[in-house]
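K.L.:
start_13.pdb (PDB, C-alpha atoms, pLDDT in the B column) pasted underneath:
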MODEL        1
ATOM      1  CA  MET W 760      -7.540   6.212  -3.779  1.00 85.00           C
ATOM      2  CA  ARG W 761     -10.377   8.535  -2.851  1.00 88.00           C
ATOM      3  CA  GLN W 762     -10.667  10.431   0.420  1.00 91.00           C
ATOM      4  CA  PHE W 763     -13.656   9.797   2.697  1.00 89.00           C
ATOM      5  CA  PRO W 764     -14.744  11.426   5.984  1.00 89.00           C
ATOM      6  CA  PRO W 765     -12.751   9.877   8.843  1.00 90.00           C
ATOM      7  CA  ASN W 766     -15.925   9.288  10.887  1.00 86.00           C
ATOM      8  CA  THR W 767     -17.072   6.684   8.318  1.00 84.00           C
ATOM      9  CA  TYR W 768     -14.150   4.361   9.139  1.00 82.00           C
ATOM     10  CA  ASN W 769     -16.358   1.941  11.120  1.00 78.00           C
ATOM     11  CA  GLN W 770     -18.290   1.012   7.964  1.00 78.00           C
ATOM     12  CA  LEU W 771     -15.056  -0.352   6.470  1.00 78.00           C
ATOM     13  CA  LEU W 772     -14.680  -2.788   9.385  1.00 77.00           C
ATOM     14  CA  VAL W 773     -18.073  -4.514   9.132  1.00 69.00           C
ATOM     15  CA  GLY W 774     -17.475  -8.249   9.243  1.00 80.00           C
ATOM     16  CA  HIS W 775     -14.110  -7.791  11.010  1.00 90.00           C
ATOM     17  CA  PRO W 776     -11.563  -8.291   8.197  1.00 95.00           C
ATOM     18  CA  LEU W 777      -7.854  -8.786   8.822  1.00 96.00           C
ATOM     19  CA  LEU W 778      -6.029  -5.465   9.232  1.00 97.00           C
ATOM     20  CA  CYS W 779      -2.375  -4.510   9.082  1.00 97.00           C
ATOM     21  CA  LEU W 780      -0.595  -2.029  11.317  1.00 98.00           C
ATOM     22  CA  SER W 781       2.185   0.099   9.870  1.00 97.00           C
ATOM     23  CA  THR W 782       4.510   1.981  12.217  1.00 98.00           C
ATOM     24  CA  ARG W 783       7.675   3.990  11.619  1.00 97.00           C
ATOM     25  CA  ARG W 784      10.523   5.290  13.731  1.00 95.00           C
ATOM     26  CA  ASP W 785      13.739   6.905  12.469  1.00 91.00           C
ATOM     27  CA  ARG W 786      13.132   5.740   8.876  1.00 88.00           C
ATOM     28  CA  ILE W 787      12.658   2.167  10.077  1.00 91.00           C
ATOM     29  CA  ASN W 788       9.268   0.750   9.086  1.00 94.00           C
ATOM     30  CA  ASN W 789       7.416  -2.093  10.735  1.00 96.00           C
ATOM     31  CA  LEU W 790       4.339  -4.023   9.685  1.00 96.00           C
ATOM     32  CA  ILE W 791       2.189  -6.569  11.528  1.00 96.00           C
ATOM     33  CA  PRO W 792      -1.226  -8.160  11.004  1.00 96.00           C
ATOM     34  CA  LEU W 793      -3.919  -6.942  13.365  1.00 96.00           C
ATOM     35  CA  THR W 794      -6.931  -9.006  14.431  1.00 93.00           C
ATOM     36  CA  TRP W 795      -7.947  -7.746  17.887  1.00 92.00           C
ATOM     37  CA  TYR W 796      -9.751  -4.458  17.219  1.00 96.00           C
ATOM     38  CA  MET W 797     -13.096  -2.664  17.341  1.00 95.00           C
ATOM     39  CA  PRO W 798     -14.665   0.696  16.526  1.00 95.00           C
ATOM     40  CA  ALA W 799     -14.735   2.650  19.804  1.00 96.00           C
ATOM     41  CA  SER W 800     -16.298   5.992  18.787  1.00 96.00           C
ATOM     42  CA  GLN W 801     -17.720   7.574  15.678  1.00 93.00           C
ATOM     43  CA  ASN W 802     -17.425  11.190  16.806  1.00 95.00           C
ATOM     44  CA  PRO W 803     -14.529  11.604  17.187  1.00 96.00           C
ATOM     45  CA  PRO W 804     -13.551   8.622  15.000  1.00 97.00           C
ATOM     46  CA  ILE W 805     -11.692   6.360  17.437  1.00 98.00           C
ATOM     47  CA  LEU W 806     -10.553   2.806  16.702  1.00 98.00           C
ATOM     48  CA  ALA W 807      -9.387   0.515  19.525  1.00 98.00           C
ATOM     49  CA  PHE W 808      -6.935  -2.355  19.078  1.00 98.00           C
ATOM     50  CA  THR W 809      -4.637  -4.368  21.281  1.00 97.00           C
ATOM     51  CA  LEU W 810      -0.967  -5.223  21.059  1.00 97.00           C
ATOM     52  CA  ILE W 811       1.083  -7.591  23.198  1.00 94.00           C
ATOM     53  CA  ARG W 812       3.421  -5.712  25.537  1.00 92.00           C
ATOM     54  CA  THR W 813       6.533  -7.314  24.013  1.00 93.00           C
ATOM     55  CA  CYS W 814       5.514  -6.434  20.447  1.00 93.00           C
ATOM     56  CA  TYR W 815       7.987  -4.216  18.566  1.00 96.00           C
ATOM     57  CA  SER W 816       5.076  -2.247  17.057  1.00 96.00           C
ATOM     58  CA  HIS W 817       3.900  -1.422  20.590  1.00 95.00           C
ATOM     59  CA  GLU W 818       7.335   0.013  21.361  1.00 95.00           C
ATOM     60  CA  ILE W 819       7.302   2.176  18.223  1.00 97.00           C
ATOM     61  CA  LEU W 820       3.680   3.277  18.576  1.00 97.00           C
ATOM     62  CA  ARG W 821       4.095   4.219  22.213  1.00 95.00           C
ATOM     63  CA  GLU W 822       7.103   6.373  21.288  1.00 97.00           C
ATOM     64  CA  THR W 823       5.818   8.005  18.075  1.00 98.00           C
ATOM     65  CA  GLY W 824       2.065   8.163  18.687  1.00 98.00           C
ATOM     66  CA  GLU W 825       1.107   7.523  15.071  1.00 98.00           C
ATOM     67  CA  CYS W 826       0.295   4.613  12.781  1.00 98.00           C
ATOM     68  CA  VAL W 827      -1.521   3.532   9.666  1.00 98.00           C
ATOM     69  CA  VAL W 828      -4.152   0.832   9.942  1.00 98.00           C
ATOM     70  CA  GLY W 829      -4.560  -0.753   6.536  1.00 98.00           C
ATOM     71  CA  ILE W 830      -7.210  -3.052   5.172  1.00 98.00           C
ATOM     72  CA  PRO W 831      -5.349  -5.514   2.973  1.00 97.00           C
ATOM     73  CA  ASP W 832      -6.637  -7.726   0.225  1.00 94.00           C
ATOM     74  CA  LEU W 833      -5.775 -11.319  -0.593  1.00 96.00           C
ATOM     75  CA  SER W 834      -2.753 -10.367  -2.713  1.00 95.00           C
ATOM     76  CA  ILE W 835      -0.530  -9.772   0.350  1.00 95.00           C
ATOM     77  CA  LEU W 836      -1.843 -12.456   2.704  1.00 95.00           C
ATOM     78  CA  LYS W 837       1.388 -14.486   2.690  1.00 94.00           C
ATOM     79  CA  GLU W 838       3.449 -11.378   3.366  1.00 94.00           C
ATOM     80  CA  LEU W 839       1.219 -10.291   6.254  1.00 94.00           C
ATOM     81  CA  HIS W 840       1.258 -13.763   7.748  1.00 93.00           C
ATOM     82  CA  TYR W 841       5.054 -13.706   7.570  1.00 92.00           C
ATOM     83  CA  CYS W 842       5.087 -10.298   9.285  1.00 93.00           C
ATOM     84  CA  GLY W 843       3.127 -11.802  12.157  1.00 91.00           C
ATOM     85  CA  LEU W 844       5.733 -14.521  12.606  1.00 90.00           C
ATOM     86  CA  ARG W 845       8.810 -12.259  12.636  1.00 90.00           C
ATOM     87  CA  THR W 846       9.796  -9.307  14.775  1.00 92.00           C
ATOM     88  CA  GLY W 847      10.825  -5.996  13.299  1.00 92.00           C
ATOM     89  CA  ARG W 848      13.615  -5.836  15.870  1.00 92.00           C
ATOM     90  CA  ASP W 849      15.574  -8.322  13.756  1.00 89.00           C
ATOM     91  CA  ILE W 850      14.593  -7.441  10.184  1.00 90.00           C
ATOM     92  CA  GLU W 851      12.967  -4.579   8.325  1.00 89.00           C
ATOM     93  CA  LYS W 852      10.040  -6.528   6.935  1.00 90.00           C
ATOM     94  CA  LEU W 853       8.891  -3.974   4.358  1.00 86.00           C
ATOM     95  CA  ARG W 854      12.333  -3.869   2.784  1.00 87.00           C
ATOM     96  CA  LEU W 855      12.816  -7.654   2.895  1.00 89.00           C
ATOM     97  CA  LEU W 856       9.424  -8.337   1.323  1.00 92.00           C
ATOM     98  CA  GLU W 857       9.838  -5.515  -1.216  1.00 92.00           C
ATOM     99  CA  LEU W 858       6.289  -4.299  -0.663  1.00 92.00           C
ATOM    100  CA  SER W 859       5.281  -1.217  -2.608  1.00 94.00           C
ATOM    101  CA  THR W 860       4.591   1.790  -0.388  1.00 95.00           C
ATOM    102  CA  SER W 861       3.704   5.445  -0.578  1.00 96.00           C
ATOM    103  CA  ARG W 862       3.680   8.405   1.797  1.00 97.00           C
ATOM    104  CA  ALA W 863       0.734   9.043   4.054  1.00 98.00           C
ATOM    105  CA  ALA W 864      -1.001  12.425   4.050  1.00 98.00           C
ATOM    106  CA  MET W 865      -0.885  13.163   7.801  1.00 98.00           C
ATOM    107  CA  VAL W 866       1.412  10.644   9.569  1.00 98.00           C
ATOM    108  CA  SER W 867       4.918   9.294   8.982  1.00 97.00           C
ATOM    109  CA  PRO W 868       4.232   5.499   8.719  1.00 97.00           C
ATOM    110  CA  LEU W 869       3.988   4.341   5.126  1.00 96.00           C
ATOM    111  CA  LEU W 870       0.905   3.186   3.235  1.00 97.00           C
ATOM    112  CA  LEU W 871       0.987  -0.233   1.566  1.00 96.00           C
ATOM    113  CA  SER W 872       0.052   0.285  -2.069  1.00 95.00           C
ATOM    114  CA  SER W 873      -1.809  -3.049  -2.153  1.00 94.00           C
ATOM    115  CA  ASN W 874      -4.168  -2.153   0.717  1.00 97.00           C
ATOM    116  CA  LEU W 875      -7.810  -1.523  -0.097  1.00 97.00           C
ATOM    117  CA  ALA W 876      -8.035   1.268   2.481  1.00 98.00           C
ATOM    118  CA  HIS W 877      -5.808   3.247   4.848  1.00 98.00           C
ATOM    119  CA  LEU W 878      -6.741   4.755   8.199  1.00 98.00           C
ATOM    120  CA  GLU W 879      -4.080   7.262   9.216  1.00 98.00           C
ATOM    121  CA  CYS W 880      -4.179   7.467  12.992  1.00 98.00           C
ATOM    122  CA  MET W 881      -2.826   9.342  15.997  1.00 98.00           C
ATOM    123  CA  VAL W 882      -2.816   7.763  19.464  1.00 98.00           C
ATOM    124  CA  TRP W 883      -5.686   9.199  21.509  1.00 98.00           C
ATOM    125  CA  ASP W 884      -5.112   7.134  24.643  1.00 98.00           C
ATOM    126  CA  LEU W 885      -3.862   3.748  25.786  1.00 96.00           C
ATOM    127  CA  GLN W 886      -4.690   1.414  28.590  1.00 97.00           C
ATOM    128  CA  GLU W 887      -2.674  -1.443  30.043  1.00 95.00           C
ATOM    129  CA  ILE W 888      -4.712  -4.581  30.667  1.00 94.00           C
ATOM    130  CA  GLY W 889      -3.326  -8.052  31.312  1.00 92.00           C
ATOM    131  CA  ASP W 890      -0.645  -8.997  28.810  1.00 90.00           C
ATOM    132  CA  ARG W 891      -1.869  -6.394  26.309  1.00 95.00           C
ATOM    133  CA  ILE W 892      -2.032  -2.687  25.692  1.00 97.00           C
ATOM    134  CA  ILE W 893      -5.290  -1.296  24.332  1.00 98.00           C
ATOM    135  CA  TYR W 894      -4.631   1.571  21.942  1.00 98.00           C
ATOM    136  CA  TYR W 895      -7.347   4.085  21.158  1.00 98.00           C
ATOM    137  CA  VAL W 896      -6.372   5.841  17.951  1.00 98.00           C
ATOM    138  CA  ASN W 897      -8.016   8.826  16.311  1.00 98.00           C
ATOM    139  CA  VAL W 898      -8.580   8.294  12.592  1.00 98.00           C
ATOM    140  CA  VAL W 899      -7.337  11.588  11.134  1.00 98.00           C
ATOM    141  CA  HIS W 900      -7.356  10.683   7.434  1.00 98.00           C
ATOM    142  CA  LEU W 901      -9.089   7.919   5.485  1.00 97.00           C
ATOM    143  CA  THR W 902      -8.602   6.783   1.903  1.00 97.00           C
ATOM    144  CA  ALA W 903     -10.082   3.767   0.131  1.00 97.00           C
ATOM    145  CA  ASP W 904      -9.808   2.162  -3.283  1.00 96.00           C
ATOM    146  CA  GLU W 905     -12.834   3.333  -5.272  1.00 94.00           C
ATOM    147  CA  ILE W 906     -13.155  -0.017  -7.059  1.00 95.00           C
ATOM    148  CA  ALA W 907     -13.315  -1.962  -3.778  1.00 96.00           C
ATOM    149  CA  TRP W 908     -15.242   0.582  -1.662  1.00 94.00           C
ATOM    150  CA  ASP W 909     -18.217   2.601  -2.893  1.00 92.00           C
ATOM    151  CA  GLY W 910     -18.275   4.964   0.103  1.00 88.00           C
ATOM    152  CA  GLY W 911     -20.729   2.876   2.083  1.00 88.00           C
ATOM    153  CA  HIS W 912     -20.076  -0.767   1.252  1.00 91.00           C
ATOM    154  CA  TRP W 913     -17.373  -3.119   0.040  1.00 94.00           C
ATOM    155  CA  THR W 914     -17.917  -4.075  -3.590  1.00 95.00           C
ATOM    156  CA  GLU W 915     -17.752  -7.589  -5.048  1.00 95.00           C
ATOM    157  CA  GLU W 916     -14.241  -6.791  -6.289  1.00 95.00           C
ATOM    158  CA  ALA W 917     -12.906  -6.422  -2.733  1.00 96.00           C
ATOM    159  CA  GLU W 918     -10.983  -9.512  -1.670  1.00 96.00           C
ATOM    160  CA  LEU W 919     -11.132  -9.006   2.084  1.00 96.00           C
ATOM    161  CA  VAL W 920      -9.318 -11.553   4.214  1.00 96.00           C
ATOM    162  CA  TYR W 921     -10.575 -12.917   7.537  1.00 95.00           C
ATOM    163  CA  HIS W 922      -8.287 -14.614  10.067  1.00 92.00           C
ATOM    164  CA  LEU W 923      -9.915 -17.721  11.471  1.00 88.00           C
ATOM    165  CA  HIS W 924      -7.060 -19.043  13.638  1.00 84.00           C
ATOM    166  CA  GLY W 925      -3.360 -19.871  13.379  1.00 86.00           C
ATOM    167  CA  GLN W 926      -2.493 -20.292   9.708  1.00 89.00           C
ATOM    168  CA  THR W 927      -6.118 -20.448   8.571  1.00 91.00           C
ATOM    169  CA  TYR W 928      -7.812 -17.577   6.758  1.00 93.00           C
ATOM    170  CA  MET W 929     -10.887 -17.051   4.617  1.00 94.00           C
ATOM    171  CA  CYS W 930     -11.578 -14.930   1.554  1.00 96.00           C
ATOM    172  CA  LYS W 931     -14.928 -14.836  -0.242  1.00 95.00           C
ATOM    173  CA  GLY W 932     -16.047 -17.999   1.556  1.00 93.00           C
ATOM    174  CA  ASN W 933     -12.923 -19.979   0.597  1.00 95.00           C
ATOM    175  CA  LYS W 934     -10.724 -21.375   3.359  1.00 94.00           C
ATOM    176  CA  ILE W 935      -6.993 -20.713   2.960  1.00 94.00           C
ATOM    177  CA  VAL W 936      -4.421 -22.628   5.011  1.00 93.00           C
ATOM    178  CA  LEU W 937      -0.878 -21.287   4.791  1.00 91.00           C
ATOM    179  CA  THR W 938       1.933 -23.781   5.175  1.00 81.00           C
ATOM    180  CA  GLY W 939       5.674 -23.769   4.601  1.00 65.00           C
ATOM    181  CA  GLN W 940       8.231 -21.024   4.363  1.00 58.00           C
ATOM    182  CA  TYR W 941       7.499 -18.202   1.945  1.00 55.00           C
ATOM    183  CA  PHE W 942      10.438 -15.889   2.040  1.00 51.00           C
ATOM    184  CA  ASN W 943      14.196 -16.135   2.419  1.00 49.00           C
ATOM    185  CA  GLN W 944      15.444 -14.905   5.742  1.00 43.00           C
TER     186      GLN W 944
ENDMDL
END
What is this structure when it is put down as structure tokens?
P.N.:
Amino acid sequence: MRQFPPNTYNQLLVGHPLLCLSTRRDRINNLIPLTWYMPASQNPPILAFTLIRTCYSHEILRETGECVVGIPDLSILKELHYCGLRTGRDIEKLRLLELSTSRAAMVSPLLLSSNLAHLECMVWDLQEIGDRIIYYVNVVHLTADEIAWDGGHWTEEAELVYHLHGQTYMCKGNKIVLTGQYFNQ
């Protein structure tokens, strides 16, 4: 991974790929897919995303004030989909799925080794609206895979995933429909 200026984070999100949110509290890690988000500011680099009020990640993020927003590739789509179907209150998903992780540079949540990029973030502000909480997070550190990201654009090697709806995703123009059970519970 190579470090890039945090204020370039919005270039990574062009096209709105599926993201994953990593949170951590008391050595317990949680991971969920993230689809409702947008760049909110370039200077300072602020990303906005929403979480449902009952979401375990919301509880952790509100308490700790830090997270990692990852940009996954196709290789962990099934795992991320599973994470969206299960709550971290009942199982530690990272441990169950045996996903490879590493330490972040500036926050305590872990980085998924298979992600193409990592945005290490601190909560800037939050706003309650309807059934959701809008989080505004300051991107304090940004790393990206040099093979997948050239510093300004995703390369052809990047296998970004896009959530279409429900169990339907897309990668490089190919529709992917996930069915069945993938992991023992």
K.L.:
Can you find the residues with an atom no farther than 12 Å from (-5.3, 4.1, 7.5), counting all atoms listed in the file, and report them as a PDB file with C-alpha atoms, keeping the file's coordinate frame?
P.N.:
ATOM      1  CA  MET W 760      -7.540   6.212  -3.779  1.00 85.00           C
ATOM      2  CA  GLN W 762     -10.667  10.431   0.420  1.00 91.00           C
ATOM      3  CA  PHE W 763     -13.656   9.797   2.697  1.00 89.00           C
ATOM      4  CA  PRO W 765     -12.751   9.877   8.843  1.00 90.00           C
ATOM      5  CA  TYR W 768     -14.150   4.361   9.139  1.00 82.00           C
ATOM      6  CA  ASN W 769     -16.358   1.941  11.120  1.00 78.00           C
ATOM      7  CA  LEU W 771     -15.056  -0.352   6.470  1.00 78.00           C
ATOM      8  CA  LEU W 772     -14.680  -2.788   9.385  1.00 77.00           C
ATOM      9  CA  LEU W 778      -6.029  -5.465   9.232  1.00 97.00           C
ATOM     10  CA  CYS W 779      -2.375  -4.510   9.082  1.00 97.00           C
ATOM     11  CA  LEU W 780      -0.595  -2.029  11.317  1.00 98.00           C
ATOM     12  CA  SER W 781       2.185   0.099   9.870  1.00 97.00           C
ATOM     13  CA  THR W 782       4.510   1.981  12.217  1.00 98.00           C
ATOM     14  CA  LEU W 806     -10.553   2.806  16.702  1.00 98.00           C
ATOM     15  CA  GLU W 825       1.107   7.523  15.071  1.00 98.00           C
ATOM     16  CA  CYS W 826       0.295   4.613  12.781  1.00 98.00           C
ATOM     17  CA  VAL W 827      -1.521   3.532   9.666  1.00 98.00           C
ATOM     18  CA  VAL W 828      -4.152   0.832   9.942  1.00 98.00           C
ATOM     19  CA  GLY W 829      -4.560  -0.753   6.536  1.00 98.00           C
ATOM     20  CA  ILE W 830      -7.210  -3.052   5.172  1.00 98.00           C
ATOM     21  CA  PRO W 831      -5.349  -5.514   2.973  1.00 97.00           C
ATOM     22  CA  ARG W 862       3.680   8.405   1.797  1.00 97.00           C
ATOM     23  CA  ALA W 863       0.734   9.043   4.054  1.00 98.00           C
ATOM     24  CA  ALA W 864      -1.001  12.425   4.050  1.00 98.00           C
ATOM     25  CA  MET W 865      -0.885  13.163   7.801  1.00 98.00           C
ATOM     26  CA  VAL W 866       1.412  10.644   9.569  1.00 98.00           C
ATOM     27  CA  SER W 867       4.918   9.294   8.982  1.00 97.00           C
ATOM     28  CA  PRO W 868       4.232   5.499   8.719  1.00 97.00           C
ATOM     29  CA  LEU W 869       3.988   4.341   5.126  1.00 96.00           C
ATOM     30  CA  LEU W 870       0.905   3.186   3.235  1.00 97.00           C
ATOM     31  CA  LEU W 871       0.987  -0.233   1.566  1.00 96.00           C
ATOM     32  CA  SER W 872       0.052   0.285  -2.069  1.00 95.00           C
ATOM     33  CA  ASN W 874      -4.168  -2.153   0.717  1.00 97.00           C
ATOM     34  CA  LEU W 875      -7.810  -1.523  -0.097  1.00 97.00           C
ATOM     35  CA  ALA W 876      -8.035   1.268   2.481  1.00 98.00           C
ATOM     36  CA  HIS W 877      -5.808   3.247   4.848  1.00 98.00           C
ATOM     37  CA  LEU W 878      -6.741   4.755   8.199  1.00 98.00           C
ATOM     38  CA  GLU W 879      -4.080   7.262   9.216  1.00 98.00           C
ATOM     39  CA  CYS W 880      -4.179   7.467  12.992  1.00 98.00           C
ATOM     40  CA  MET W 881      -2.826   9.342  15.997  1.00 98.00           C
ATOM     41  CA  VAL W 896      -6.372   5.841  17.951  1.00 98.00           C
ATOM     42  CA  ASN W 897      -8.016   8.826  16.311  1.00 98.00           C
ATOM     43  CA  VAL W 898      -8.580   8.294  12.592  1.00 98.00           C
ATOM     44  CA  VAL W 899      -7.337  11.588  11.134  1.00 98.00           C
ATOM     45  CA  HIS W 900      -7.356  10.683   7.434  1.00 98.00           C
ATOM     46  CA  LEU W 901      -9.089   7.919   5.485  1.00 97.00           C
ATOM     47  CA  THR W 902      -8.602   6.783   1.903  1.00 97.00           C
ATOM     48  CA  ALA W 903     -10.082   3.767   0.131  1.00 97.00           C
ATOM     49  CA  ASP W 904      -9.808   2.162  -3.283  1.00 96.00           C
TER      50      ASP W 904
END
K.L.:
Output, as JSON, the centre and edge lengths in Å (one decimal) of the axis-aligned box that contains all listed atoms of segment 771-777 of chain W with 3 Å of margin on each side.
P.N.:
{"center_x": -13.0, "center_y": -4.6, "center_z": 8.7, "size_x": 16.2, "size_y": 14.4, "size_z": 10.5}
K.L.:
I want to know what sits within 10 Å of Arg784 of chain W, based on only C-alpha atoms, with residues of the same chain fewer than 4 positions away left out; could you give that as number ranges by chain?
P.N.:
W: 788-789, 816, 818-820, 822-823, 825, 867-868
K.L.:
Tell me which protein, DNA and RNA residues are within 8 Å of Gln801 of chain W, counting only C-alpha atoms, leaving out same-chain ones fewer than 4 positions away, and put them as a VMD selection string.
P.N.:
chain W and resid 766 to 767 769 805
K.L.:
So what do you get for atom CA of Arg848 of chain W versus atom CA of Arg786 of chain W, distance-wise?
P.N.:
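The value is 13.5 Å.
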K.L.:
Can you work out which one of W:Trp883, W:Ser873, W:Gly889, W:Thr927 has the shortest atom-to-atom distance to Leu833 of chain W, counting all atoms listed in the file?
P.N.:
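Comparing W:Trp883, W:Ser873, W:Gly889, W:Thr927 against Leu833 of chain W, the winner is W:Ser873.
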K.L.:
If you count all atoms listed in the file, which residues fall within 12 Å of His924 of chain W, apart from same-chain ones fewer than 2 positions away, as a ChimeraX atom specification?
P.N.:
/W:777,794,840,921-922,926-929,934-937
K.L.:
Please measure the separation of atom CA of Pro776 of chain W and atom CA of Tyr815 of chain W, giving the value in Å to one decimal.
P.N.:
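Those two atoms sit 22.5 Å apart.
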K.L.:
Can you measure atom CA of Glu918 of chain W to atom CA of Lys852 of chain W for me? One decimal in Å is fine.
P.N.:
22.9 Å
K.L.:
Of the candidates W:Ala907, W:Ala807, W:Ala917, W:Val882, which shows the shortest atom-to-atom distance to Cys930 of chain W, using all atoms listed in the file?
P.N.:
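Between W:Ala907, W:Ala807, W:Ala917, W:Val882, the residue approaching Cys930 of chain W most closely is W:Ala917.
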K.L.:
Select, from W:Gly925, W:Pro798, W:Leu885, W:Gly910, the residue with the minimum atom-to-atom distance to Gly774 of chain W, counting all atoms listed in the file.
P.N.:
W:Pro798
K.L.:
Within 9 Å of (5.6, -2.6, 27.4) (file coordinates; all atoms listed in the file), which protein or nucleic acid residues are there? I'd like them as a list in words.
P.N.:
Ile811, Arg812, Thr813, Cys814, His817, Glu818, Arg821, Glu887, Arg891 and Ile892 of chain W
K.L.:
Which residue is closest to Leu844 of chain W? Choose from W:Gln770, W:Ile906, W:Gly911, W:Ile791 and count only C-alpha atoms.
P.N.:
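With only C-alpha atoms as the atom set, the closest residue is W:Ile791.
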K.L.:
Find the residue from W:Trp913, W:Thr938, W:Leu790, W:Thr809 that sits nearest to Arg854 of chain W; use all atoms listed in the file when measuring.
P.N.:
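Smallest separation from Arg854 of chain W among the options: W:Leu790.
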K.L.:
Pick the closest to Ile835 of chain W from W:Leu919, W:Tyr895, W:Asp785, W:Asn933: which is it, counting only C-alpha atoms?
P.N.:
W:Leu919
